[in-house]
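> Encoded as structure tokens, here's the structure I'll be asking about.
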Amino acid sequence: MTPPDLARQAEWARRQERSNTAMLRVMTWISLRLGRRIARGLLFGISLYFLLFASAARHASRAYLRRALGRAPRLRDLFRHFHTFATCTHDRVYLLNDRLDLFDIQVHGAAALDAVLAAGRGAFLIGAHLGSFEVVRAVGRQRLGRRIAMVMYENNAIKINAALAAINPAAVQEIIPLGQLDSMLRVRARLDEGMVLGVLGDRTLDDGPALPVKFLGETAGFPLGPMRLAATLECPVLFMTGLHLGGNRYAIHFEPLADFTGIERKGRDTAIREALAAYAAKLERHCHGAPFNWFNFFDFWRSPAGGGRAVA
């Protein structure tokens, strides 16, 4: 029988990780010593393995692609979905080792980010499991001159730091874990320093509140936590994504989403709901435009999706 505390967790949080640090180190060695072209050849076998043996992820991929493509996905569509995920994951090896020279990266909306930060305060970049966050962080640091720290759930922070350390111990980025006593103070301090904070807004944990929103033709529950955090700290929010366009090409997008600066408490809930609906609309648009880039391999549309507690 599943323990009660585990049963309450979101489906994505219950999934066991199939990778390990030893494999990451091996793949990193192959990638850096033999080059991206040879290392990418191994990704076909990895993608095929998951397509054949990860049945739950395969069913979730089919359900999502049916909505994003507007038709029944073919087997090659499922493979492409898995392979895009494998590619984005693999490219982190190079991005964390400052090898931007290997990629053709377009940046759209950098002026919008600069305009928000010109006021001297930081901002939230709310993204999704869409494309590569690492390419956004790398370009922000090297080309835009902006440090981007991640705000995430504590268990995820531990896993991410372990993975980053396996790839490049010197590249472990600052991650602010939520759920600790000083989490809010650390987030506020970074914003006051003018730092950019990234958070992914398409998953929630346990019974965290989720807002039912229309997404890809059906209602799904989106977590309220990230947007509530931005509203509580009264900071501007931009949508971000780093889409893989095939080969070595990526497209980064920054788009204004909401500005909670100076918002009164009585209007906060309405502003949060409007911002979350706008976030879902932007995410849907990019899912249609780059359908193989969304990497939530679980039943996102179950009630409430992502495992949260629905809020009327």
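Convention: chains lettered A, B, ... in structure tokens order; per-chain residue numbering from 1; ligands numbered from 1 as shown.
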What lies within 9 Å of stretch 287-302 of chain A using only C-alpha atoms, ignoring chain neighbours under 6 positions off, as a PyMOL selection string?
chain A and resi 11-12+56-61+63-65+67-70+77-78+80-85+88+128-132+202-203+215-216+218-221+243-245
> So that I can see what lies close to stretch 225-232 of chain A, please list as a PyMOL selection string the residues with an atom at most 10 Å from it, counting only C-alpha atoms and leaving out residues fewer than 6 positions away in the same chain.
chain A and resi 123-126+151-152+184+187-188+198-205+208-210+258-265+268-269+271-273+275-276+279
> What's the 10 Å shell around A:Gly247, counting only C-alpha atoms, without same-chain residues fewer than 2 positions away, as a list of chain:residue names?
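The neighbour list is A:Arg37, A:Arg40, A:Thr84, A:Thr87, A:Phe103, A:Asp104, A:His244, A:Leu245, A:Arg249, A:Tyr250.
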> Produce a file of the selected residues containing C-alpha atoms, as a compact mmCIF listing (two decimals), in the first residue's frame.

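Once written, part28.txt looks like this:
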# COMPACT_ATOMS: atom_id res chain seq x y z
CA ARG A 37 28.42 15.18 -32.81
CA ARG A 40 24.67 13.05 -29.88
CA THR A 84 14.28 16.57 -27.98
CA THR A 87 19.08 16.64 -26.54
CA PHE A 103 25.31 26.81 -30.48
CA ASP A 104 23.35 29.19 -32.67
CA HIS A 244 15.34 23.84 -29.06
CA LEU A 245 14.84 24.34 -32.80
CA ARG A 249 19.81 26.01 -32.69
CA TYR A 250 17.93 27.53 -29.75
> Considering only C-alpha atoms, state which residue in the set A:Val136, A:Ala119, A:Ala72, A:Leu43 is at the smallest distance from A:His90.
A:Leu43
> Distance atom CA of A:Val107-atom CA of A:Val196, one decimal place?
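For atom CA of A:Val107 relative to atom CA of A:Val196, the distance reads 16.5 Å.
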